[in-house]
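The block underneath contains the structure these notes are about, expressed in structure tokens.
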Amino acid sequence: MKRILITLLLVGLSLLGRAQQDVQYSQYMFNGIYINPAYSGYKEQLNFHSFYRNQWTGIPGSPKSMSVAVDATANDGNVGLSMQITNDNLGAMSNLSAYANYAYRLRVGSDESSRLAFGLGIGFVQSGLEGRLLDPIDGGDQYIPTGKVTNLIPDAKAGIYYSDSRFYAGFSATNLISQFVAKTEDYGAFIPVPKAHFYLTAGMLLPLSEMVQIKPSILLKDDRGGPTSLDLNALFLLNGKVWIGGAYRTAVKLYKKNNLQDNLQQQNSVVGMIEVFASESLRIGYAYDQSISKLAGYSGGSHEISIGIYIKPKKVRMLTPRYF
């Protein structure tokens with residue numbers, strides 16, 4: 001029973017803390033594929049990227065997530081292609097998803113680097129519950145499996161993304177199919193039905209001096225059920241080699257949600273992060289999240305590592321480095 005309560009507590013905290021079921025990454029701005037399929041091909045080179053996140057360390061059954069992605073361009077940069085796989089574990093629950101993404105990239109305006117991309121991702125989501133990790137006081141509950149149960153459902157996501165040499169903005173939606181398919185099946189009380197998630201991103205790169213640039217950015221996330229989440233980020237690029245900065249994550253009230261309490265705590269966490277260009281083809285990043293909610297007294301914080309490997313094509317068409 002204790003493990004069940006811990007699992008339910010973590011699920012509830014994840015809804016309050018992340019305002020969503022989708023995996024939360026603090027370094028999302030270094031590879032937007034995870035939230036927007038229209039980002040595919042943005043870097044205009046073969047790009048391998050991975051995340052590992054250990055969230056709320058010190059709490060039994062806390063979330064652990066890992067993602068890998070690869071993307072590139074085709075048709076002289078007018079098409080972006082990518083694939084991504086994400087695995088997320090929370091207590092006895094697990095989620096595995098995989099998507100193939102396509103983006104059509106239009107040249108807009110007089111700036112050669114300006115692109116307006118429309119993206120679509122098709123894939124699947126597999127949710128599971130490991131009954132052996134639960135320890136009920138009374139046996140015989142039909143909703144508690146004796147082993148591991150899983151469900152596999154198709155899914156899709158879509159997005160739009162604009163970028164030029166100094167500015168970017170995007171809007172995307174995920175879980176567009178799985179939310180409807182899951183409602184037609186009985187997957188048990190402990191496997192949640194996926195909800196559509198909406199992401200709005202924007203940022204710009206501003207020169208402060210010859211050696212220092214700053215990139216302020218925002219990420220707004222909403223699932224029309226839990227609290228709307230807002231990330232406010234500020235990163236400094238030093239000599240084109242090192243990113244260093246931080247973020248503040250909080251909940252915001254954009255519209256009335258009748259299912260939410262009025263006295264929910266808004267503050268979530270503060271984030272410190274750094275990413276280093278170890279070479280022209282290798283980027284390594286680290287982020288540390290410190291909770292500033294009531295969870296702060298129970299968690300040792302969250303750790304996140306990202307690695308990017310880039311293979312430049314023989315013919316490089318882009319005129320500016322892809323810092324976003």
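Within each chain, counting starts at residue 1; across the structure tokens, chains are named A, B, ... in the order shown, with ligands numbered 1 upward in that order.
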Query - Exercise: Gly272 of chain A partners within 6 Å, only C-alpha atoms, chain neighbours under 5 positions left out, as a PyMOL selection string - result: chain A and resi 246+287-288
**Report entry** Residue nearest Lys64 of chain A among A:Ile153, A:Val79, A:Ile144, A:Met93 (counting only C-alpha atoms)
**Finding:**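 Checking each of A:Ile153, A:Val79, A:Ile144, A:Met93 against Lys64 of chain A, counting only C-alpha atoms, the winner is A:Met93.
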Report task. Determine, counting only C-alpha atoms, which protein, DNA and RNA residues have an atom within 8 Å of an atom of Gly245 of chain A; residues of the same chain fewer than 2 positions away are not included. Present the result as an MDAnalysis selection string. Result -> chainID A and resid 233:236 243 247 272:274
Could you save the residues just selected, with N, CA and C atoms, as a PDB file, in the first residue's frame?
```pdb
ATOM      1  N   ASN A 233      13.702  31.841 -19.439  1.00  0.00           N
ATOM      2  CA  ASN A 233      15.101  31.442 -19.558  1.00  0.00           C
ATOM      3  C   ASN A 233      15.974  32.613 -19.989  1.00  0.00           C
ATOM      4  N   ALA A 234      17.209  32.610 -19.527  1.00  0.00           N
ATOM      5  CA  ALA A 234      18.212  33.575 -19.971  1.00  0.00           C
ATOM      6  C   ALA A 234      19.558  32.866 -20.014  1.00  0.00           C
ATOM      7  N   LEU A 235      20.163  32.799 -21.205  1.00  0.00           N
ATOM      8  CA  LEU A 235      21.442  32.121 -21.385  1.00  0.00           C
ATOM      9  C   LEU A 235      22.436  33.067 -22.049  1.00  0.00           C
ATOM     10  N   PHE A 236      23.672  33.002 -21.614  1.00  0.00           N
ATOM     11  CA  PHE A 236      24.741  33.807 -22.192  1.00  0.00           C
ATOM     12  C   PHE A 236      25.651  32.902 -23.016  1.00  0.00           C
ATOM     13  N   TRP A 243      27.615  28.053 -23.360  1.00  0.00           N
ATOM     14  CA  TRP A 243      26.345  28.606 -22.912  1.00  0.00           C
ATOM     15  C   TRP A 243      26.299  28.480 -21.389  1.00  0.00           C
ATOM     16  N   ALA A 247      17.029  29.403 -15.516  1.00  0.00           N
ATOM     17  CA  ALA A 247      15.605  29.494 -15.848  1.00  0.00           C
ATOM     18  C   ALA A 247      14.788  29.534 -14.561  1.00  0.00           C
ATOM     19  N   GLY A 272      19.735  26.008 -13.091  1.00  0.00           N
ATOM     20  CA  GLY A 272      21.025  26.478 -13.569  1.00  0.00           C
ATOM     21  C   GLY A 272      21.523  25.516 -14.635  1.00  0.00           C
ATOM     22  N   MET A 273      22.080  26.032 -15.717  1.00  0.00           N
ATOM     23  CA  MET A 273      22.507  25.146 -16.798  1.00  0.00           C
ATOM     24  C   MET A 273      23.747  25.678 -17.495  1.00  0.00           C
ATOM     25  N   ILE A 274      24.481  24.754 -18.094  1.00  0.00           N
ATOM     26  CA  ILE A 274      25.676  25.082 -18.856  1.00  0.00           C
ATOM     27  C   ILE A 274      25.789  24.103 -20.011  1.00  0.00           C
TER      28      ILE A 274
END
```
Report task. Mind giving me the straight-line distance from atom CA of Leu46 of chain A to atom CA of Ile311 of chain A in Å, one decimal? Result -> 5.1 Å
Closest contacts (segment 71-109 of chain A/segment 113-116 of chain A, max 6 Å, only C-alpha atoms) as a Markdown table:
```
| residue | atom | partner | partner_atom | distance |
| --- | --- | --- | --- | --- |
| A:Arg105 | CA | A:Leu116 | CA | 5.6 |
| A:Leu106 | CA | A:Leu116 | CA | 5.1 |
| A:Arg107 | CA | A:Arg115 | CA | 4.9 |
| A:Val108 | CA | A:Ser114 | CA | 5.7 |
```
Put those residues in a file: C-alpha atoms, as a short mmCIF file (atom, residue, chain, number, x, y, z; two decimals), in the first residue's frame.
```
data_model
loop_
_atom_site.label_atom_id
_atom_site.label_comp_id
_atom_site.auth_asym_id
_atom_site.auth_seq_id
_atom_site.Cartn_x
_atom_site.Cartn_y
_atom_site.Cartn_z
CA ARG A 105 10.61 24.37 -44.62
CA LEU A 106 9.70 27.49 -46.62
CA ARG A 107 12.11 30.31 -47.33
CA VAL A 108 10.47 33.58 -46.31
#
```
Query raised in the report: Of the candidates A:Glu275, A:Arg224, A:Leu232, A:Lys294, which one gets nearest to Asn258 of chain A if we count only C-alpha atoms?
Result: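 Ranked by minimum distance to Asn258 of chain A, first place goes to A:Arg224.
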Report summary line: Shortest contact to Lys253 of chain A, candidates A:Tyr104, A:Pro216, A:Asp222, A:Ser281, atoms counted only C-alpha atoms, goes to A:Asp222
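The space between atom CA of Ser26 of chain A and atom CA of His49 of chain A spans 14.5 Å.
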Report task. Can you work out which one of A:Gln27, A:Ser269, A:Asn75, A:Asn87 has the shortest atom-to-atom distance to Ile284 of chain A, counting only C-alpha atoms? Result ->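 Checking each candidate against Ile284 of chain A, we get A:Gln27 as the closest.
Compared by their closest atoms to Asp71 of chain A, and using only C-alpha atoms, the residues A:Gly308, A:Met211, A:Trp56, A:Tyr168 rank with A:Gly308 nearest.
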Query raised in the report: Quick one, how far is atom CA of Tyr199 of chain A from atom CA of Val276 of chain A?
Result: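 Atom CA of Tyr199 of chain A sits 26.5 Å away from atom CA of Val276 of chain A.
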Report task. Would you kindly return, as an NGL selection string, each protein, DNA or RNA residue with an atom no farther than 8 Å from any atom of Ala169 of chain A, considering only C-alpha atoms and excluding same-chain residues fewer than 5 positions away? Result -> :A and (161-163 or 200-203)
**Report entry** Secondary structure check, strand (DSSP E) residues of segment 231-284 of chain A, as a PyMOL selection string
**Finding:** chain A and resi 231-238+242-252+267-279+282-284
Report task. Identify all residues of segment 91-249 of chain A in helix (DSSP H, G or I) (DSSP on the backbone) and supply them as a VMD selection string. Result -> chain A and resid 131 to 133 178 to 183
Convert the current residue selection to file output with N, CA and C atoms, as a CSV table (one decimal), in the first residue's frame.
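The resulting result06.csv:
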```csv
chain,number,residue,atom,x,y,z
A,131,GLY,N,3.1,-4.4,-11.8
A,131,GLY,CA,2.4,-4.8,-10.5
A,131,GLY,C,3.3,-5.3,-9.5
A,132,ARG,N,4.5,-5.8,-9.8
A,132,ARG,CA,5.4,-6.4,-8.8
A,132,ARG,C,6.0,-5.3,-8.0
A,133,LEU,N,6.0,-4.0,-8.5
A,133,LEU,CA,6.6,-2.9,-7.7
A,133,LEU,C,5.6,-2.3,-6.7
A,178,SER,N,-3.6,9.7,-29.6
A,178,SER,CA,-3.6,8.8,-28.4
A,178,SER,C,-4.7,9.1,-27.4
A,179,GLN,N,-5.0,10.4,-27.2
A,179,GLN,CA,-6.0,10.8,-26.3
A,179,GLN,C,-7.4,10.2,-26.6
A,180,PHE,N,-7.7,10.1,-27.9
A,180,PHE,CA,-9.0,9.6,-28.4
A,180,PHE,C,-9.0,8.0,-28.4
A,181,VAL,N,-7.9,7.4,-28.9
A,181,VAL,CA,-7.8,6.0,-28.9
A,181,VAL,C,-7.9,5.4,-27.5
A,182,ALA,N,-7.2,6.0,-26.6
A,182,ALA,CA,-7.1,5.4,-25.2
A,182,ALA,C,-8.5,5.4,-24.5
A,183,LYS,N,-9.4,6.4,-24.9
A,183,LYS,CA,-10.7,6.5,-24.2
A,183,LYS,C,-11.6,5.3,-24.7
```
Query - Contacts of Val125 of chain A within 8 Å, only C-alpha atoms, excl. fewer than 6 positions in-chain, as a ChimeraX atom specification - result: /A:95-98,152-155,178
Query - Residue contacts of Leu176 of chain A (6 Å, only C-alpha atoms) excluding same-chain residues fewer than 5 positions away, as a VMD selection string - result: chain A and resid 156 to 157 196
Resulting file, chosen residues, C-alpha atoms, as a short mmCIF file (atom, residue, chain, number, x, y, z; two decimals), in the first residue's frame:
```
data_model
loop_
_atom_site.label_atom_id
_atom_site.label_comp_id
_atom_site.auth_asym_id
_atom_site.auth_seq_id
_atom_site.Cartn_x
_atom_site.Cartn_y
_atom_site.Cartn_z
CA ALA A 156 0.55 12.07 -33.82
CA LYS A 157 1.79 15.58 -33.15
CA ALA A 196 -3.24 16.84 -25.70
#
```
